[in-house]
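Novice: Before I ask anything, let me first share the structure, which is written out below as structure tokens.
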Amino acid sequence: MVHDTDFFRRFTLNMITKHILLATSLLTLVSTANAASNIKIDGSSTVYPITEAVVEEFQKLKRGKVRLTVGISGTGGGFKKFCRGEIDIADASRPIKKSEMDACKKAGIRYVEIPVAYDALTIVIHPDNTWARHMTVAELKKMWEPSAQGKIKKWSDINPKWPDHEFKLFGAGTDSGTFEYFTEAVNGKPRASRGDYTASEDDNVLVLGVSRNKHGLGYFGYAYYAENKNKLRAVAVHNGKSFVLPSTETVEAGSYQPLARPIFIYVSAKSMARPEVKEFVHFYLDNAIQLVKEVKYVPLPASAYAMARKNFDGQKLGTAFGGKNEVGLKINEILARKAHE
Amino acid sequence: MDDTKVSEIRQMIIRHKRWDRLFALLGLCAMILGVLTLTVLFADLLIDGAHRIGVDFFTSFPSRKPESAGILSAFVGTCLVMLVTVVTAVPLGVAAAVYLEEYAPRNWMTDLIEINVSNLAGVPSIIYGLLALGLFVYALDFGQSILSAGLTLALLILPMVIVATRESIRAVPGSIREAAYAVGATKWQTVSSHVLPYSTGGILTGVIIGLARAIGETAPIITIGALTFIAFLPPAPIMAEAPFISFEWLFAPFTVMPIQMFNWLSRPEEAFQSNAAAAGVILIAMTLAMNALAIWLRYRYRKRIKW
């Protein structure tokens, strides 16, 4: 038989007391939940790298006095939480939609829309691809529009001068703001796209796909191209006047159109009243130029950040877009517009 | 017996032995394939991530710069979530199993419960995540906290703990219980001083294997809303002034290792891939350490049993 039954008895008793302790502590704790003052940010994975960089620096500056968290729920998921009042700031890679505006209004959530950077949607091909280095939007549309599904399969279907070989397409997953912007800019209607391509929310999957397939073509945010320039080649897209390659300069100059888009943060009006949130947004705008560059996005012109700061301080509530996205707008024009709620 | 018959029998034996060897070979191949795949995967992770593993990697918060990014918040998050999971799942699971084995009357209700417990072990983890989102995060208002995550994972491993406990309780011979009753022990005395102590080894094994599964779970934790960037630690459980113990950390936002890994994998910079590999190595090492602990505990408790 066992020699030290006492040990075991104590062991089991310990387990029971532990359990009772937990139960009582839980009861007393429910009342004291959520006491700490945090800034909660959530939303688009495209805006995430910029917000993360700003948060990292801001937290260093404040030496842990303000606690910030950043989540990735996608633009749509972020707005859902934002309009339920669960977060202070929403990261968004497209303007707020009509349905989301209505949800916010219903819940009494008001907000300021702040553009923080440009993202350039980049069309990429394999480095060995010698024919499709310049493309017009019409050619892209022929390739990506819904009616192309199952019919347009070869390069020669797009342009008779191109090889008689099937191409392989890679693109953004349908939950992303990237998908919505690309389909609107190229096919003329948001969310209208052929379905027979490799879709992934993880852009590294798309990078790998195109870099391993001589006949591959894909689209994603500029940062992923910038980090993989040795494996991929960017396509120069026709802006109506000439073919333009994506780069910091062409996006800033406004010539990389229609695929350059502004990306935003939305700050809840209720949270703006808190000094730490105000300070954070000021910090965001003051340091954006340097930090945005660091994470391989394209910063807005300095005048735009100054204007955004004025809009924020003046509590210009609402969106400049009125519930739908628009392609090819100048950033200062957006900031100067009247806002709707 | 004539010679032809003997040789026929010999032939048959040789044939059967050949099958025997063939099966042994097949089994060996299957085993090697499994172990080799795992080894190659682990070696690959190790080669990619080894240079990132160091003191700094454990003591740094995540960062946009891959070389200064670390797993501090994810590691602490994982440990705290596991702590909540153990403290909840073990008492609940063991008590439920003891009731089912020792106290429950044999009727259709008990049968129904038993079948359901076994079925629960096979429910996809995301379902537990959805349940937890509705129940813990919103209905009980625990928020997206360590407490919610720990309770979710506790639910996830509860069926495993119950099944393992029942198995090991069943392995205690009936004669031990009868002997206890014979000297006048009550049911609870029998259970607490005999049945439970003798099955502790098996119970601990079940618990730790459950935890080893829970530690790698991503889906339910993402569902309840674990955050991806968090550069502070939950409040400390021990304070300098009264009441000395604080439970505020239970309600703190958090992230865990698999989520940190996933986040790094989806980064454009290639250097983050080594970080992800290094985090993977540490996660695997944690799992292996837990399994080793399970084996050691089982061995130790077996030695105490003298029947």
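In the structure tokens, each chain is lettered A, B, ... as it comes, each chain's residues begin at 1, and ligands are numbered from 1 in order of appearance.
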Please provide the set of residues having any atom within 9 Å of region 249-257 of chain B, restricted to only C-alpha atoms, with same-chain residues fewer than 5 positions apart removed, written as a PyMOL selection string.
Specialist: (chain A and resi 29+33-34+36+69) or (chain B and resi 71+73-81+84+142-148+215-216+218+221+226-230+232-237+262+279-280+282-283)
Novice: Considering only C-alpha atoms, return as a list in words whatever protein or nucleic-acid residues lie within 12 Å of Val55 (chain B), sequence-local ones (same chain, fewer than 6 positions apart) excluded.
Specialist: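 Those residues are Ser68, Ala69, Gly70, Ile71 and Leu72 of chain B.
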Novice: If you keep C-alpha atoms, can you produce a file of those selected residues as a PDB file, in the first residue's frame?
Specialist:
ATOM      1  CA  SER B  68      14.826  44.062 -31.849  1.00  0.00           C
ATOM      2  CA  ALA B  69      11.474  42.252 -31.717  1.00  0.00           C
ATOM      3  CA  GLY B  70      10.916  39.692 -28.971  1.00  0.00           C
ATOM      4  CA  ILE B  71       8.288  37.477 -27.431  1.00  0.00           C
ATOM      5  CA  LEU B  72       8.043  38.883 -23.893  1.00  0.00           C
TER       6      LEU B  72
END
Novice: Neighbouring residues of Ala336 (chain A) were defined as those with any atom within 9 Å, considering only C-alpha atoms; residues of the same chain fewer than 2 positions away were excluded. Please report them as an NGL selection string.
Specialist: :A and (307 or 311 or 320 or 331-334 or 338-339)
Novice: Write out as a PyMOL selection string the set of residues from region 37-275 of chain A that DSSP, computed on the backbone, places in strand (DSSP E).
Specialist: chain A and resi 38-43+67-70+89-92+111-125+134-135+168-172+198-200+216-221+233-234+236-238+243-244+260-268
Novice: Using only C-alpha atoms and a distance of at most 9 Å, pull out the residues of chain B that contact chain A, as a VMD selection string.
Specialist: chain B and resid 62 to 65 87 to 88 90 to 92 140 to 143 192 to 194 196 to 198 225 to 232 247 to 248 250 to 254 265 to 270 304 to 307
Novice: CA of Asp286 (chain A) to CA of Ser60 (chain B): how many Å, to one decimal?
Specialist: 26.1 Å
Novice: Can you tell me which residues surround Ser200 (chain A) at a distance of at most 12 Å, considering only C-alpha atoms, apart from same-chain residues fewer than 3 positions away, and format the answer as number ranges by chain?
Specialist: A: 169-176, 178-179, 197, 203-209, 218-220; B: 266
Novice: Take the residues from that selection and write them out as a PDB file, in the first residue's frame, keeping C-alpha atoms.
Specialist:
ATOM      1  CA  LEU A 169      -3.452  34.990 -61.291  1.00  0.00           C
ATOM      2  CA  PHE A 170      -2.884  35.834 -57.625  1.00  0.00           C
ATOM      3  CA  GLY A 171      -4.888  38.415 -55.710  1.00  0.00           C
ATOM      4  CA  ALA A 172      -6.213  39.713 -52.424  1.00  0.00           C
ATOM      5  CA  GLY A 173      -8.778  37.810 -50.379  1.00  0.00           C
ATOM      6  CA  THR A 174     -12.342  39.091 -50.654  1.00  0.00           C
ATOM      7  CA  ASP A 175     -12.498  40.423 -47.061  1.00  0.00           C
ATOM      8  CA  SER A 176      -9.728  42.943 -47.562  1.00  0.00           C
ATOM      9  CA  THR A 178      -7.278  45.907 -51.043  1.00  0.00           C
ATOM     10  CA  PHE A 179      -9.719  43.690 -52.939  1.00  0.00           C
ATOM     11  CA  TYR A 197      -7.563  32.988 -59.141  1.00  0.00           C
ATOM     12  CA  ASP A 203       0.361  38.608 -49.008  1.00  0.00           C
ATOM     13  CA  ASN A 204       3.455  36.446 -48.593  1.00  0.00           C
ATOM     14  CA  VAL A 205       1.513  33.603 -50.224  1.00  0.00           C
ATOM     15  CA  LEU A 206       0.936  35.856 -53.236  1.00  0.00           C
ATOM     16  CA  VAL A 207       4.605  36.922 -53.330  1.00  0.00           C
ATOM     17  CA  LEU A 208       5.705  33.275 -53.358  1.00  0.00           C
ATOM     18  CA  GLY A 209       3.119  32.359 -55.983  1.00  0.00           C
ATOM     19  CA  GLY A 218      -0.656  39.305 -58.899  1.00  0.00           C
ATOM     20  CA  TYR A 219      -1.562  42.461 -56.998  1.00  0.00           C
ATOM     21  CA  PHE A 220      -0.957  43.590 -53.411  1.00  0.00           C
TER      22      PHE A 220
ATOM     23  CA  SER B 266       2.568  37.507 -42.620  1.00  0.00           C
TER      24      SER B 266
END
Novice: Which neighbours of Gly129 (chain B) fall inside 9 Å, counting only C-alpha atoms, when residues of the same chain fewer than 4 positions from it are skipped, and could you give them as number ranges by chain?
Specialist: B: 125, 133-134, 149, 152-153, 219-224
Novice: Using only C-alpha atoms, please write the residues we just selected to a file, as a PDB file, in the first residue's frame.
Specialist:
ATOM      1  CA  SER B 125     -11.754  24.321 -31.354  1.00  0.00           C
ATOM      2  CA  LEU B 133     -17.085  34.977 -27.443  1.00  0.00           C
ATOM      3  CA  GLY B 134     -20.784  34.965 -26.635  1.00  0.00           C
ATOM      4  CA  ALA B 149      -8.938  32.940 -22.958  1.00  0.00           C
ATOM      5  CA  THR B 152     -12.057  28.976 -23.212  1.00  0.00           C
ATOM      6  CA  LEU B 153      -9.044  26.684 -23.313  1.00  0.00           C
ATOM      7  CA  ALA B 219      -8.370  29.713 -33.608  1.00  0.00           C
ATOM      8  CA  PRO B 220     -10.409  30.064 -30.391  1.00  0.00           C
ATOM      9  CA  ILE B 221      -8.043  32.719 -29.032  1.00  0.00           C
ATOM     10  CA  ILE B 222      -8.310  34.786 -32.205  1.00  0.00           C
ATOM     11  CA  THR B 223     -12.089  34.395 -32.101  1.00  0.00           C
ATOM     12  CA  ILE B 224     -12.343  35.903 -28.638  1.00  0.00           C
TER      13      ILE B 224
END
Novice: If you measure from CA of Arg21 (chain B) to CA of Asp2 (chain B), what distance in Å do you get, rounded to one decimal?
Specialist: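 Answer for the CA of Arg21 (chain B) to CA of Asp2 (chain B) separation: 29.0 Å.
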Novice: I'd like the contact shell of Arg170 (chain B) - 12 Å cut-off, only C-alpha atoms, skipping same-chain residues fewer than 6 positions apart - returned as a list in words.
Specialist: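 My list of contacting residues is Ala97, Val98, Leu100, Glu101, Glu102, Val163, Ala164, Ile176, Arg177, Val195, Leu196, Tyr198, Ser199, Gly202 and Ile203 of chain B.
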Novice: A:Trp131, A:Lys214, A:Lys270, A:Glu180: which is nearest Asn159 (chain A), counting only C-alpha atoms?
Specialist: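 Closest to Asn159 (chain A) of all the choices is A:Trp131.
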Novice: Between CA of Ala269 (chain A) and CA of Tyr111 (chain A), what distance in Å does the model show, to one decimal?
Specialist: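 Between these atoms lies a distance of 4.9 Å.
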Novice: Given only C-alpha atoms as the basis, pick out the residue of A:Thr46, A:Lys231, A:Phe167, A:Ala148 nearest to Tyr297 (chain A).
Specialist: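 Among the listed residues, A:Thr46 lies closest to Tyr297 (chain A).
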Novice: Need the shell around Leu45 (chain B): protein/DNA/RNA residues with any atom at most 7 Å away, counting only C-alpha atoms. Skip same-chain ones fewer than 5 positions apart. Format as a ChimeraX atom specification?
Specialist: /B:277-278,280-281
Novice: Give me, as a PyMOL selection string, the residues of region 199-292 of chain A that a backbone DSSP run labels alpha helix (DSSP H).
Specialist: chain A and resi 203-211+222-226+248-253+269-272+275-292
Novice: Take the residues just selected and output them with C-alpha atoms as an mmCIF file, in the first residue's frame.
Specialist:
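Once written, again32.cif looks like this:
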data_model
loop_
_atom_site.group_PDB
_atom_site.id
_atom_site.type_symbol
_atom_site.label_atom_id
_atom_site.label_comp_id
_atom_site.auth_asym_id
_atom_site.auth_seq_id
_atom_site.Cartn_x
_atom_site.Cartn_y
_atom_site.Cartn_z
ATOM 1 C CA ASP A 203 0.361 38.608 -49.008
ATOM 2 C CA ASN A 204 3.455 36.446 -48.593
ATOM 3 C CA VAL A 205 1.513 33.603 -50.224
ATOM 4 C CA LEU A 206 0.936 35.856 -53.236
ATOM 5 C CA VAL A 207 4.605 36.922 -53.330
ATOM 6 C CA LEU A 208 5.705 33.275 -53.358
ATOM 7 C CA GLY A 209 3.119 32.359 -55.983
ATOM 8 C CA VAL A 210 4.221 34.977 -58.499
ATOM 9 C CA SER A 211 7.950 34.568 -57.812
ATOM 10 C CA TYR A 222 3.493 48.293 -52.292
ATOM 11 C CA ALA A 223 5.312 47.301 -49.055
ATOM 12 C CA TYR A 224 5.325 43.637 -50.034
ATOM 13 C CA TYR A 225 6.769 44.495 -53.435
ATOM 14 C CA ALA A 226 9.395 46.791 -51.907
ATOM 15 C CA THR A 248 7.371 56.864 -53.500
ATOM 16 C CA GLU A 249 7.953 59.669 -56.012
ATOM 17 C CA THR A 250 5.213 58.752 -58.483
ATOM 18 C CA VAL A 251 2.659 58.200 -55.717
ATOM 19 C CA GLU A 252 3.534 61.503 -54.046
ATOM 20 C CA ALA A 253 3.389 63.335 -57.368
ATOM 21 C CA ALA A 269 -15.239 61.579 -30.734
ATOM 22 C CA LYS A 270 -15.852 60.238 -27.241
ATOM 23 C CA SER A 271 -12.240 59.054 -26.956
ATOM 24 C CA MET A 272 -10.917 62.356 -28.330
ATOM 25 C CA PRO A 275 -5.963 63.782 -23.201
ATOM 26 C CA GLU A 276 -3.913 60.619 -23.898
ATOM 27 C CA VAL A 277 -5.885 59.887 -27.071
ATOM 28 C CA LYS A 278 -5.483 63.474 -28.250
ATOM 29 C CA GLU A 279 -1.763 63.302 -27.570
ATOM 30 C CA PHE A 280 -1.477 59.998 -29.402
ATOM 31 C CA VAL A 281 -3.200 61.288 -32.542
ATOM 32 C CA HIS A 282 -0.998 64.396 -32.533
ATOM 33 C CA PHE A 283 2.049 62.168 -32.164
ATOM 34 C CA TYR A 284 0.761 60.007 -35.033
ATOM 35 C CA LEU A 285 0.431 62.979 -37.405
ATOM 36 C CA ASP A 286 3.668 64.689 -36.325
ATOM 37 C CA ASN A 287 5.796 61.576 -36.852
ATOM 38 C CA ALA A 288 3.937 60.058 -39.771
ATOM 39 C CA ILE A 289 6.306 61.199 -42.533
ATOM 40 C CA GLN A 290 9.310 59.445 -41.046
ATOM 41 C CA LEU A 291 7.560 56.335 -39.694
ATOM 42 C CA VAL A 292 5.435 55.749 -42.789
#
